>>> print(open('work37.cif').read())   # mmCIF, C-alpha atoms
data_target
loop_
_atom_site.label_atom_id
_atom_site.label_comp_id
_atom_site.auth_asym_id
_atom_site.auth_seq_id
_atom_site.Cartn_x
_atom_site.Cartn_y
_atom_site.Cartn_z
CA MET S 1 51.20 -46.14 -64.98
CA TRP S 2 49.92 -45.18 -61.57
CA SER S 3 53.41 -44.59 -60.28
CA SER S 4 54.33 -42.37 -63.23
CA ILE S 5 51.22 -40.27 -62.61
CA ALA S 6 52.14 -40.11 -58.94
CA LEU S 7 55.64 -39.06 -59.95
CA LEU S 8 54.29 -36.36 -62.24
CA ASN S 9 52.01 -35.11 -59.49
CA ASN S 10 54.89 -35.10 -57.09
CA ASN S 11 57.14 -33.27 -59.54
CA PHE S 12 54.38 -30.73 -60.14
CA LYS S 13 54.10 -30.10 -56.43
CA ILE S 14 57.85 -29.71 -56.04
CA LEU S 15 57.92 -27.30 -58.98
CA TRP S 16 55.03 -25.43 -57.43
CA GLY S 17 56.91 -25.20 -54.17
CA ASP S 18 59.90 -23.89 -56.12
CA GLU S 19 57.68 -21.25 -57.74
CA MET S 20 56.76 -20.02 -54.25
CA GLN S 21 60.37 -19.99 -53.17
CA GLN S 22 61.51 -18.16 -56.30
CA ILE S 23 59.70 -15.08 -55.02
CA LYS S 24 62.48 -13.20 -53.27
CA LYS S 25 62.74 -9.70 -51.92
CA ILE S 26 64.67 -7.48 -54.34
CA LYS S 27 66.68 -4.45 -53.31
CA THR S 28 66.18 -1.50 -55.64
CA ASP S 29 65.34 2.18 -55.42
CA ASP S 30 63.88 2.01 -58.92
CA LYS S 31 60.12 1.79 -58.36
CA LYS S 32 59.42 0.88 -61.98
CA LYS S 33 61.81 -2.06 -61.78
CA PHE S 34 60.44 -3.09 -58.39
CA TYR S 35 56.78 -3.00 -59.37
CA ASN S 36 57.41 -4.71 -62.70
CA TYR S 37 58.90 -7.58 -60.68
CA LEU S 38 56.04 -7.50 -58.16
CA ASN S 39 53.38 -7.52 -60.87
CA LEU S 40 55.17 -10.30 -62.76
CA LYS S 41 55.14 -12.43 -59.61
CA LEU S 42 51.48 -11.59 -58.99
CA THR S 43 50.62 -12.78 -62.48
CA GLY S 44 52.50 -16.04 -61.86
CA LEU S 45 50.64 -16.58 -58.61
CA ILE S 46 47.08 -15.94 -59.77
CA CYS S 47 46.83 -16.31 -63.56
CA GLU S 48 45.84 -19.99 -63.47
CA GLU S 49 44.01 -20.03 -60.14
CA PRO S 50 40.22 -19.66 -60.32
CA ASP S 51 39.58 -19.32 -56.57
CA TRP S 52 39.04 -15.65 -55.67
CA LEU S 53 39.93 -16.07 -52.00
CA ALA S 54 43.15 -17.99 -52.66
CA ASN S 55 44.13 -15.24 -55.09
CA LEU S 56 43.42 -12.31 -52.76
CA SER S 57 45.14 -14.12 -49.87
CA ASN S 58 48.25 -14.79 -51.97
CA ALA S 59 48.17 -11.26 -53.42
CA SER S 60 48.33 -9.71 -49.95
CA ALA S 61 51.09 -12.17 -48.96
CA LEU S 62 53.08 -11.09 -52.01
CA LEU S 63 52.77 -7.40 -51.12
CA TRP S 64 53.81 -8.18 -47.54
CA LEU S 65 56.81 -10.20 -48.69
CA LEU S 66 58.13 -7.73 -51.25
CA LEU S 67 57.25 -4.19 -50.15
CA GLU S 68 59.71 -2.53 -47.78
CA ASP S 69 58.61 -0.37 -44.84
CA ILE S 70 54.98 -1.40 -44.61
CA ASN S 71 52.99 -2.64 -41.62
CA TRP S 72 49.70 -3.70 -43.24
CA ALA S 73 48.68 -4.85 -46.72
CA GLY S 74 45.38 -6.25 -47.83
CA PHE S 75 41.82 -5.80 -48.90
CA TYR S 76 38.53 -4.41 -47.79
CA LEU S 77 35.66 -5.74 -49.88
CA TYR S 78 32.49 -3.88 -50.80
CA LYS S 79 29.57 -5.77 -49.28
CA ASN S 80 26.21 -4.50 -48.06
CA ASP S 81 27.02 -0.88 -48.92
CA GLU S 82 30.16 -0.78 -46.76
CA LEU S 83 33.75 -1.99 -46.78
CA ILE S 84 34.34 -5.23 -44.86
CA LEU S 85 37.74 -6.67 -43.99
CA GLY S 86 39.09 -9.25 -46.43
CA PRO S 87 42.43 -11.10 -46.69
CA PHE S 88 45.41 -9.14 -45.41
CA GLN S 89 48.80 -9.38 -43.73
CA GLY S 90 49.65 -7.36 -40.65
CA LYS S 91 48.06 -6.83 -37.25
CA PRO S 92 44.36 -7.55 -36.63
CA ALA S 93 42.27 -4.80 -38.18
CA CYS S 94 38.98 -2.93 -38.05
CA THR S 95 36.32 -5.02 -39.77
CA HIS S 96 33.78 -2.47 -41.05
CA ILE S 97 34.44 0.87 -42.74
CA GLU S 98 31.63 3.18 -43.77
CA ILE S 99 31.85 4.55 -47.32
CA GLY S 100 33.30 8.05 -47.03
CA LYS S 101 35.00 7.46 -43.67
CA GLY S 102 38.77 7.48 -43.29
CA VAL S 103 41.24 6.89 -46.11
CA CYS S 104 39.67 3.62 -47.33
CA GLY S 105 36.19 5.09 -47.21
CA ALA S 106 37.35 8.16 -49.16
CA ALA S 107 38.92 6.01 -51.89
CA ALA S 108 35.69 4.02 -52.18
CA ASN S 109 33.50 7.11 -52.13
CA GLU S 110 35.48 9.13 -54.67
CA ILE S 111 36.63 6.09 -56.70
CA LYS S 112 40.04 7.67 -56.55
CA THR S 113 43.39 6.45 -55.23
CA GLN S 114 44.34 8.13 -51.97
CA VAL S 115 48.03 8.77 -51.25
CA VAL S 116 48.26 10.07 -47.69
CA LYS S 117 51.59 11.37 -46.38
CA ASN S 118 50.48 11.41 -42.74
CA VAL S 119 47.26 9.67 -41.79
CA HIS S 120 46.99 11.64 -38.56
CA ASP S 121 46.35 14.74 -40.67
CA PHE S 122 43.59 12.99 -42.64
CA PRO S 123 40.07 14.06 -41.58
CA GLY S 124 38.16 11.11 -40.08
CA HIS S 125 41.16 8.76 -40.07
CA ILE S 126 40.30 5.44 -38.39
CA PRO S 127 43.22 4.58 -36.08
CA CYS S 128 43.41 0.76 -36.19
CA ASP S 129 47.15 0.82 -35.49
CA SER S 130 48.95 3.86 -34.07
CA ASP S 131 52.16 2.68 -35.77
CA SER S 132 50.67 3.52 -39.18
CA LYS S 133 51.89 6.87 -40.45
CA SER S 134 51.28 6.93 -44.21
CA GLU S 135 48.84 5.03 -46.39
CA ILE S 136 47.87 4.30 -49.96
CA VAL S 137 44.42 3.04 -50.92
CA VAL S 138 43.51 2.02 -54.47
CA PRO S 139 39.82 1.48 -55.25
CA ILE S 140 39.03 -1.74 -57.12
CA VAL S 141 36.44 -1.12 -59.82
CA LYS S 142 35.28 -3.73 -62.32
CA ASP S 143 32.63 -3.06 -64.96
CA ASN S 144 31.92 0.30 -63.29
CA LYS S 145 31.14 -1.40 -59.97
CA LEU S 146 33.12 -0.99 -56.76
CA MET S 147 34.51 -4.36 -55.62
CA GLY S 148 36.60 -3.10 -52.72
CA VAL S 149 39.89 -1.39 -52.01
CA LEU S 150 43.55 -2.35 -51.81
CA ASP S 151 44.96 -0.80 -48.64
CA ILE S 152 48.64 -0.54 -47.65
CA ASP S 153 49.92 1.16 -44.49
CA SER S 154 53.44 2.22 -43.59
CA PRO S 155 55.03 3.13 -40.26
CA ILE S 156 57.00 5.83 -42.13
CA ILE S 157 55.63 9.25 -43.04
CA ASP S 158 55.40 9.92 -46.79
CA ARG S 159 56.19 6.30 -47.79
CA PHE S 160 54.05 6.35 -50.96
CA ASN S 161 53.95 8.68 -53.95
CA ASP S 162 52.26 8.96 -57.34
CA GLU S 163 54.61 6.34 -58.77
CA ASP S 164 53.41 3.78 -56.21
CA ALA S 165 49.85 4.75 -57.12
CA GLU S 166 50.54 4.21 -60.82
CA TYR S 167 52.04 0.74 -60.38
CA LEU S 168 49.59 -0.41 -57.70
CA GLN S 169 46.85 0.50 -60.17
CA LYS S 170 48.48 -2.02 -62.51
CA PHE S 171 48.49 -4.52 -59.62
CA VAL S 172 44.75 -3.93 -59.21
CA ASN S 173 44.25 -4.23 -62.98
CA LEU S 174 45.86 -7.70 -62.80
CA LEU S 175 43.53 -8.65 -59.97
CA ASN S 176 40.61 -7.49 -62.07
CA LYS S 177 41.85 -9.67 -64.92
CA TYR S 178 42.18 -12.86 -62.87
CA VAL S 179 39.95 -12.58 -59.77
CA ASP S 180 36.34 -13.67 -60.07
CA TRP S 181 34.77 -10.99 -57.87
CA SER S 182 31.29 -12.40 -58.47
CA LYS S 183 32.05 -15.26 -56.07
CA ILE S 184 32.72 -13.01 -53.08
CA SER S 185 30.42 -13.60 -50.13
CA MET B 186 21.74 15.21 -31.80
CA TRP B 187 23.59 14.44 -35.02
CA SER B 188 26.86 15.65 -33.57
CA SER B 189 26.47 13.55 -30.43
CA ILE B 190 25.87 10.46 -32.56
CA ALA B 191 28.91 11.38 -34.63
CA LEU B 192 30.88 11.79 -31.41
CA LEU B 193 29.69 8.41 -30.15
CA ASN B 194 30.62 6.81 -33.47
CA ASN B 195 33.99 8.47 -33.36
CA ASN B 196 34.56 7.33 -29.78
CA PHE B 197 33.52 3.83 -30.74
CA LYS B 198 36.06 3.80 -33.51
CA ILE B 199 38.80 5.08 -31.25
CA LEU B 200 37.90 2.45 -28.66
CA TRP B 201 37.92 -0.14 -31.40
CA GLY B 202 41.36 0.98 -32.45
CA ASP B 203 42.43 0.71 -28.82
CA GLU B 204 41.03 -2.82 -28.69
CA MET B 205 43.30 -3.73 -31.62
CA GLN B 206 46.28 -2.14 -29.94
CA GLN B 207 45.62 -3.83 -26.63
CA ILE B 208 46.60 -7.14 -28.24
CA LYS B 209 50.25 -7.40 -27.31
CA LYS B 210 52.72 -10.23 -27.52
CA ILE B 211 53.19 -11.87 -24.12
CA LYS B 212 56.34 -13.61 -23.00
CA THR B 213 55.64 -16.86 -21.18
CA ASP B 214 56.74 -20.48 -21.28
CA ASP B 215 53.40 -21.49 -19.76
CA LYS B 216 51.37 -22.71 -22.75
CA LYS B 217 48.13 -22.78 -20.76
CA LYS B 218 48.56 -19.14 -19.79
CA PHE B 219 49.59 -18.19 -23.32
CA TYR B 220 46.70 -19.91 -25.07
CA ASN B 221 44.15 -18.67 -22.54
CA TYR B 222 45.30 -15.15 -23.46
CA LEU B 223 45.25 -15.95 -27.19
CA ASN B 224 41.76 -17.44 -27.02
CA LEU B 225 40.48 -14.55 -24.93
CA LYS B 226 41.74 -12.12 -27.57
CA LEU B 227 40.22 -14.24 -30.34
CA THR B 228 36.85 -14.08 -28.62
CA GLY B 229 37.13 -10.30 -28.33
CA LEU B 230 37.96 -10.02 -32.02
CA ILE B 231 35.21 -12.21 -33.47
CA CYS B 232 32.35 -12.61 -30.98
CA GLU B 233 30.33 -9.69 -32.32
CA GLU B 234 31.43 -9.83 -35.96
CA PRO B 235 29.10 -11.69 -38.34
CA ASP B 236 31.37 -11.64 -41.40
CA TRP B 237 33.12 -15.02 -41.80
CA LEU B 238 35.97 -13.67 -43.91
CA ALA B 239 36.75 -10.76 -41.59
CA ASN B 240 36.82 -13.25 -38.71
CA LEU B 241 39.12 -15.78 -40.38
CA SER B 242 41.42 -12.98 -41.60
CA ASN B 243 41.67 -11.48 -38.11
CA ALA B 244 42.05 -14.94 -36.53
CA SER B 245 45.11 -15.69 -38.66
CA ALA B 246 46.50 -12.20 -37.92
CA LEU B 247 46.11 -12.88 -34.21
CA LEU B 248 48.01 -16.19 -34.44
CA TRP B 249 50.74 -14.47 -36.44
CA LEU B 250 51.02 -11.64 -33.93
CA LEU B 251 51.11 -13.76 -30.79
CA LEU B 252 52.72 -17.12 -31.58
CA GLU B 253 56.51 -17.25 -31.35
CA ASP B 254 58.66 -19.14 -33.85
CA ILE B 255 56.15 -19.62 -36.64
CA ASN B 256 56.46 -18.81 -40.35
CA TRP B 257 52.90 -19.45 -41.57
CA ALA B 258 49.46 -19.39 -39.95
CA GLY B 259 46.09 -19.64 -41.59
CA PHE B 260 43.34 -21.64 -43.15
CA TYR B 261 42.60 -24.03 -45.94
CA LEU B 262 38.87 -24.33 -46.60
CA TYR B 263 37.04 -27.43 -47.76
CA LYS B 264 35.49 -26.63 -51.14
CA ASN B 265 34.74 -28.92 -54.10
CA ASP B 266 36.12 -32.00 -52.31
CA GLU B 267 39.55 -30.48 -51.73
CA LEU B 268 41.29 -27.95 -49.50
CA ILE B 269 41.66 -24.48 -51.01
CA LEU B 270 43.78 -21.67 -49.59
CA GLY B 271 41.94 -19.22 -47.36
CA PRO B 272 43.08 -16.26 -45.21
CA PHE B 273 46.59 -16.62 -43.80
CA GLN B 274 49.73 -14.78 -42.77
CA GLY B 275 53.15 -15.73 -44.07
CA LYS B 276 54.65 -16.28 -47.49
CA PRO B 277 52.49 -17.02 -50.57
CA ALA B 278 51.26 -20.58 -50.40
CA CYS B 279 50.04 -23.56 -52.41
CA THR B 280 46.40 -23.02 -53.30
CA HIS B 281 44.99 -26.56 -53.67
CA ILE B 282 45.59 -29.58 -51.45
CA GLU B 283 44.08 -32.96 -52.22
CA ILE B 284 42.37 -34.69 -49.29
CA GLY B 285 44.87 -37.21 -47.93
CA LYS B 286 47.95 -35.45 -49.32
CA GLY B 287 50.54 -33.89 -47.03
CA VAL B 288 49.93 -32.84 -43.44
CA CYS B 289 46.83 -30.73 -44.17
CA GLY B 290 45.36 -33.44 -46.36
CA ALA B 291 45.98 -36.06 -43.66
CA ALA B 292 44.25 -33.94 -40.99
CA ALA B 293 41.26 -33.50 -43.29
CA ASN B 294 41.18 -37.16 -44.29
CA GLU B 295 41.50 -38.60 -40.78
CA ILE B 296 39.62 -35.73 -39.07
CA LYS B 297 42.47 -35.76 -36.60
CA THR B 298 44.95 -33.12 -35.50
CA GLN B 299 48.42 -33.70 -36.91
CA VAL B 300 51.45 -32.69 -34.84
CA VAL B 301 54.51 -33.17 -37.04
CA LYS B 302 57.97 -32.77 -35.52
CA ASN B 303 59.76 -32.66 -38.88
CA VAL B 304 57.70 -32.21 -42.01
CA HIS B 305 60.51 -33.57 -44.18
CA ASP B 306 59.92 -36.97 -42.59
CA PHE B 307 56.18 -36.83 -43.34
CA PRO B 308 55.13 -39.01 -46.29
CA GLY B 309 53.80 -36.89 -49.17
CA HIS B 310 54.73 -33.56 -47.53
CA ILE B 311 53.98 -30.62 -49.88
CA PRO B 312 57.01 -28.30 -49.71
CA CYS B 313 55.52 -24.80 -50.15
CA ASP B 314 58.34 -23.25 -48.12
CA SER B 315 61.64 -25.02 -47.42
CA ASP B 316 62.01 -22.96 -44.22
CA SER B 317 59.12 -24.88 -42.63
CA LYS B 318 60.37 -27.62 -40.32
CA SER B 319 57.48 -28.55 -38.02
CA GLU B 320 53.74 -28.16 -38.43
CA ILE B 321 50.43 -28.50 -36.63
CA VAL B 322 47.14 -28.91 -38.47
CA VAL B 323 43.77 -28.94 -36.71
CA PRO B 324 40.73 -30.05 -38.72
CA ILE B 325 37.69 -27.78 -38.45
CA VAL B 326 34.51 -29.82 -38.14
CA LYS B 327 31.05 -28.35 -37.57
CA ASP B 328 27.89 -30.47 -37.36
CA ASN B 329 29.92 -33.50 -38.47
CA LYS B 330 31.00 -31.73 -41.65
CA LEU B 331 34.56 -30.77 -42.57
CA MET B 332 34.84 -27.00 -43.01
CA GLY B 333 38.61 -26.80 -43.48
CA VAL B 334 41.81 -26.90 -41.47
CA LEU B 335 43.82 -24.55 -39.33
CA ASP B 336 47.48 -24.84 -40.39
CA ILE B 337 50.53 -23.46 -38.57
CA ASP B 338 54.13 -23.95 -39.70
CA SER B 339 57.34 -23.34 -37.80
CA PRO B 340 60.95 -22.96 -38.97
CA ILE B 341 61.99 -24.92 -35.84
CA ILE B 342 61.89 -28.70 -35.54
CA ASP B 343 59.49 -30.01 -32.88
CA ARG B 344 57.86 -26.60 -32.24
CA PHE B 345 54.42 -28.03 -31.40
CA ASN B 346 53.27 -30.66 -28.92
CA ASP B 347 50.05 -32.15 -27.57
CA GLU B 348 49.48 -29.12 -25.40
CA ASP B 349 49.45 -26.85 -28.47
CA ALA B 350 47.01 -29.31 -30.05
CA GLU B 351 44.73 -29.16 -27.02
CA TYR B 352 44.56 -25.36 -26.90
CA LEU B 353 44.40 -24.85 -30.67
CA GLN B 354 41.39 -27.19 -30.60
CA LYS B 355 39.82 -24.64 -28.24
CA PHE B 356 40.77 -21.90 -30.74
CA VAL B 357 38.96 -23.86 -33.45
CA ASN B 358 35.98 -24.42 -31.12
CA LEU B 359 35.71 -20.63 -30.74
CA LEU B 360 35.79 -20.23 -34.52
CA ASN B 361 33.02 -22.80 -34.76
CA LYS B 362 31.00 -20.80 -32.24
CA TYR B 363 31.31 -17.47 -34.03
CA VAL B 364 32.12 -18.09 -37.72
CA ASP B 365 29.25 -18.61 -40.14
CA TRP B 366 30.84 -21.28 -42.32
CA SER B 367 27.70 -21.51 -44.47
CA LYS B 368 28.65 -18.22 -46.15
CA ILE B 369 31.98 -19.48 -47.48
CA SER B 370 32.33 -19.38 -51.25
#
>>> encode(input="work37.cif", output="structure tokens")
Amino acid sequence: MWSSIALLNNNFKILWGDEMQQIKKIKTDDKKKFYNYLNLKLTGLICEEPDWLANLSNASALLWLLLEDINWAGFYLYKNDELILGPFQGKPACTHIEIGKGVCGAAANEIKTQVVKNVHDFPGHIPCDSDSKSEIVVPIVKDNKLMGVLDIDSPIIDRFNDEDAEYLQKFVNLLNKYVDWSKIS
Amino acid sequence: MWSSIALLNNNFKILWGDEMQQIKKIKTDDKKKFYNYLNLKLTGLICEEPDWLANLSNASALLWLLLEDINWAGFYLYKNDELILGPFQGKPACTHIEIGKGVCGAAANEIKTQVVKNVHDFPGHIPCDSDSKSEIVVPIVKDNKLMGVLDIDSPIIDRFNDEDAEYLQKFVNLLNKYVDWSKIS
């Protein structure tokens, strides 16, 4: 009996490893198709996982793995009336952002997705990485409360458009469905 | 007065951005020299930052940026008698690891750094990513309590040795000095 349980556990782990490895980059210029795939994989990663940090860490890893032409993807979380760095992929980043400052601060302040063609033209831009040229920031709001922002940078000017904003909003909606923001500390 | 404060704040932010950008990859075969640089940069990143999550997120970003020939770097945190995925860089990863299972579980169970030449030879290895060939896991212990593990994977067999273990222990010691593990949730 013990060995069959061990075998089941082992099989589960192998299947789980397969699940990870089934997430492959896809080549397509069709943003709808791309983001449907991305959001399907996000659901698979987080829908049965209760740990908020594991979910945000895997969510940023998924963005990093699948999105082309980006150099930073991750989260700033709303704590103590400011945005503080959360899980991300990319180079080390600024840790505190005042509400209203830079692109992330604007998204948090206005509760409105920011699609910025060239960050160097954005008033008050916080230059964490000079390679970053364009940026999209989606505020994360649950039950009318700001939880943080999803922030993605690109080394290419004009990388993001309203279609990215639309589908990344769905990505954030999935996070809101499965991430227990109340546990954040 | 207001404008001079704003100017100071703005300068601070620019300097902070510069600090990020001053972290460059260095080419050296001298592990002592390399890790002294890595640990110096870690100190600069986290010594004045009180937020545990910002620090662990930036710490894994720093490892990812500087270490050659790795395909995963980050943390599993000890919560509810198991290891749960924390901040990392690399592909999406397994979220729960039982104490004693796989390389991470062994490090946590034995409170002993594991240097594994070929993970496929390691009993009970959890295959999150088939590209991973060798691995080093350093347990994080503060005040005689397990806080989690630092986990780094490589796609190359025999990537890590006792010298890596020695200097990554210093990396973990710096985390212990500056990270407030009591805030983890």
>>> resolve_selection(input="work37.cif", expression="the PyMOL selection byres ((chain B and resi 302-306) around 12)", output="PyMOL selection string")
chain B and resi 287-289+299-301+307-322+337-347
>>> closest_residue(input="work37.cif", among="B:Tyr263, B:Gln274, B:Glu348, B:Lys368", to="Met332 (chain B)", atoms="all atoms listed in the file")
B:Tyr263
>>> residues_around(input="work37.cif", residues="Tyr220 (chain B)", least_positions_apart="2", cutoff="9 Å", atoms="all atoms listed in the file", output="list of chain:residue names")
B:Asp215, B:Lys216, B:Lys217, B:Lys218, B:Tyr222, B:Leu223, B:Asn224, B:Leu225, B:Asp349, B:Tyr352, B:Leu353, B:Lys355, B:Phe356
>>> resolve_selection(input="work37.cif", expression="the PyMOL selection byres ((chain S) within 6 of (chain B))", output="list in words")
Gly17, Leu53, Ala54, Ser57, Asn58, Ala61, Leu85, Gly86, Pro87, Gln89, Lys91, Pro92, Pro127 and Cys128 of chain S
>>> atom_distance(input="work37.cif", atom1="CA of Ala292 (chain B)", atom2="CA of Ala258 (chain B)")
15.5 Å
>>> atom_distance(input="work37.cif", atom1="CA of Gly148 (chain S)", atom2="CA of Leu67 (chain S)")
20.8 Å
>>> atom_distance(input="work37.cif", atom1="CA of Val138 (chain S)", atom2="CA of Asn176 (chain S)")
12.5 Å
>>> build_atoms(input="work37.cif", residues="region 109-118 of chain S", atoms="all heavy atoms", output="PDB file, in the coordinates of the input")
ATOM      1  N   ASN S 109      34.526   6.109 -51.857  1.00  0.00           N
ATOM      2  CA  ASN S 109      33.500   7.110 -52.130  1.00  0.00           C
ATOM      3  C   ASN S 109      33.808   7.915 -53.389  1.00  0.00           C
ATOM      4  O   ASN S 109      32.939   8.147 -54.222  1.00  0.00           O
ATOM      5  CB  ASN S 109      33.401   8.056 -50.922  1.00  0.00           C
ATOM      6  CG  ASN S 109      32.162   8.926 -50.977  1.00  0.00           C
ATOM      7  OD1 ASN S 109      31.079   8.465 -51.344  1.00  0.00           O
ATOM      8  ND2 ASN S 109      32.321  10.180 -50.629  1.00  0.00           N
ATOM      9  N   GLU S 110      35.075   8.291 -53.531  1.00  0.00           N
ATOM     10  CA  GLU S 110      35.480   9.130 -54.670  1.00  0.00           C
ATOM     11  C   GLU S 110      35.926   8.300 -55.864  1.00  0.00           C
ATOM     12  O   GLU S 110      36.172   8.843 -56.936  1.00  0.00           O
ATOM     13  CB  GLU S 110      36.638  10.057 -54.244  1.00  0.00           C
ATOM     14  CG  GLU S 110      36.275  11.001 -53.106  1.00  0.00           C
ATOM     15  CD  GLU S 110      37.509  11.691 -52.515  1.00  0.00           C
ATOM     16  OE1 GLU S 110      38.509  11.859 -53.236  1.00  0.00           O
ATOM     17  OE2 GLU S 110      37.470  12.057 -51.325  1.00  0.00           O
ATOM     18  N   ILE S 111      36.045   6.979 -55.667  1.00  0.00           N
ATOM     19  CA  ILE S 111      36.630   6.090 -56.700  1.00  0.00           C
ATOM     20  C   ILE S 111      37.938   6.727 -57.196  1.00  0.00           C
ATOM     21  O   ILE S 111      38.156   6.953 -58.383  1.00  0.00           O
ATOM     22  CB  ILE S 111      35.652   5.813 -57.868  1.00  0.00           C
ATOM     23  CG1 ILE S 111      34.295   5.368 -57.364  1.00  0.00           C
ATOM     24  CG2 ILE S 111      36.243   4.778 -58.823  1.00  0.00           C
ATOM     25  CD1 ILE S 111      34.254   3.996 -56.734  1.00  0.00           C
ATOM     26  N   LYS S 112      38.785   6.990 -56.229  1.00  0.00           N
ATOM     27  CA  LYS S 112      40.040   7.670 -56.550  1.00  0.00           C
ATOM     28  C   LYS S 112      41.121   7.216 -55.562  1.00  0.00           C
ATOM     29  O   LYS S 112      40.877   7.180 -54.346  1.00  0.00           O
ATOM     30  CB  LYS S 112      39.842   9.190 -56.433  1.00  0.00           C
ATOM     31  CG  LYS S 112      41.033   9.990 -56.899  1.00  0.00           C
ATOM     32  CD  LYS S 112      40.780  11.483 -56.768  1.00  0.00           C
ATOM     33  CE  LYS S 112      42.078  12.241 -57.011  1.00  0.00           C
ATOM     34  NZ  LYS S 112      42.142  13.516 -56.351  1.00  0.00           N
ATOM     35  N   THR S 113      42.276   6.867 -56.089  1.00  0.00           N
ATOM     36  CA  THR S 113      43.390   6.450 -55.230  1.00  0.00           C
ATOM     37  C   THR S 113      43.768   7.564 -54.261  1.00  0.00           C
ATOM     38  O   THR S 113      43.881   8.732 -54.655  1.00  0.00           O
ATOM     39  CB  THR S 113      44.597   6.056 -56.100  1.00  0.00           C
ATOM     40  OG1 THR S 113      44.247   4.884 -56.831  1.00  0.00           O
ATOM     41  CG2 THR S 113      45.820   5.763 -55.242  1.00  0.00           C
ATOM     42  N   GLN S 114      43.940   7.183 -53.004  1.00  0.00           N
ATOM     43  CA  GLN S 114      44.340   8.130 -51.970  1.00  0.00           C
ATOM     44  C   GLN S 114      45.800   7.859 -51.590  1.00  0.00           C
ATOM     45  O   GLN S 114      46.149   6.729 -51.220  1.00  0.00           O
ATOM     46  CB  GLN S 114      43.470   7.957 -50.714  1.00  0.00           C
ATOM     47  CG  GLN S 114      41.976   7.991 -50.967  1.00  0.00           C
ATOM     48  CD  GLN S 114      41.449   9.373 -51.308  1.00  0.00           C
ATOM     49  OE1 GLN S 114      41.759  10.342 -50.619  1.00  0.00           O
ATOM     50  NE2 GLN S 114      40.672   9.473 -52.381  1.00  0.00           N
ATOM     51  N   VAL S 115      46.638   8.860 -51.706  1.00  0.00           N
ATOM     52  CA  VAL S 115      48.030   8.770 -51.250  1.00  0.00           C
ATOM     53  C   VAL S 115      48.156   9.752 -50.093  1.00  0.00           C
ATOM     54  O   VAL S 115      48.089  10.963 -50.295  1.00  0.00           O
ATOM     55  CB  VAL S 115      49.019   9.133 -52.386  1.00  0.00           C
ATOM     56  CG1 VAL S 115      50.458   9.042 -51.869  1.00  0.00           C
ATOM     57  CG2 VAL S 115      48.824   8.237 -53.594  1.00  0.00           C
ATOM     58  N   VAL S 116      48.303   9.216 -48.887  1.00  0.00           N
ATOM     59  CA  VAL S 116      48.260  10.070 -47.690  1.00  0.00           C
ATOM     60  C   VAL S 116      49.619  10.065 -47.002  1.00  0.00           C
ATOM     61  O   VAL S 116      50.082   9.033 -46.518  1.00  0.00           O
ATOM     62  CB  VAL S 116      47.146   9.576 -46.728  1.00  0.00           C
ATOM     63  CG1 VAL S 116      47.096  10.461 -45.487  1.00  0.00           C
ATOM     64  CG2 VAL S 116      45.798   9.579 -47.433  1.00  0.00           C
ATOM     65  N   LYS S 117      50.238  11.232 -46.961  1.00  0.00           N
ATOM     66  CA  LYS S 117      51.590  11.370 -46.380  1.00  0.00           C
ATOM     67  C   LYS S 117      51.598  11.082 -44.889  1.00  0.00           C
ATOM     68  O   LYS S 117      52.511  10.443 -44.370  1.00  0.00           O
ATOM     69  CB  LYS S 117      52.124  12.785 -46.613  1.00  0.00           C
ATOM     70  CG  LYS S 117      52.538  13.054 -48.038  1.00  0.00           C
ATOM     71  CD  LYS S 117      53.185  14.435 -48.166  1.00  0.00           C
ATOM     72  CE  LYS S 117      53.585  14.670 -49.620  1.00  0.00           C
ATOM     73  NZ  LYS S 117      54.257  15.945 -49.818  1.00  0.00           N
ATOM     74  N   ASN S 118      50.578  11.607 -44.185  1.00  0.00           N
ATOM     75  CA  ASN S 118      50.480  11.410 -42.740  1.00  0.00           C
ATOM     76  C   ASN S 118      49.015  11.209 -42.377  1.00  0.00           C
ATOM     77  O   ASN S 118      48.229  12.156 -42.417  1.00  0.00           O
ATOM     78  CB  ASN S 118      51.065  12.619 -41.997  1.00  0.00           C
ATOM     79  CG  ASN S 118      51.110  12.378 -40.499  1.00  0.00           C
ATOM     80  OD1 ASN S 118      50.416  11.506 -39.964  1.00  0.00           O
ATOM     81  ND2 ASN S 118      51.924  13.151 -39.803  1.00  0.00           N
TER      82      ASN S 118
END
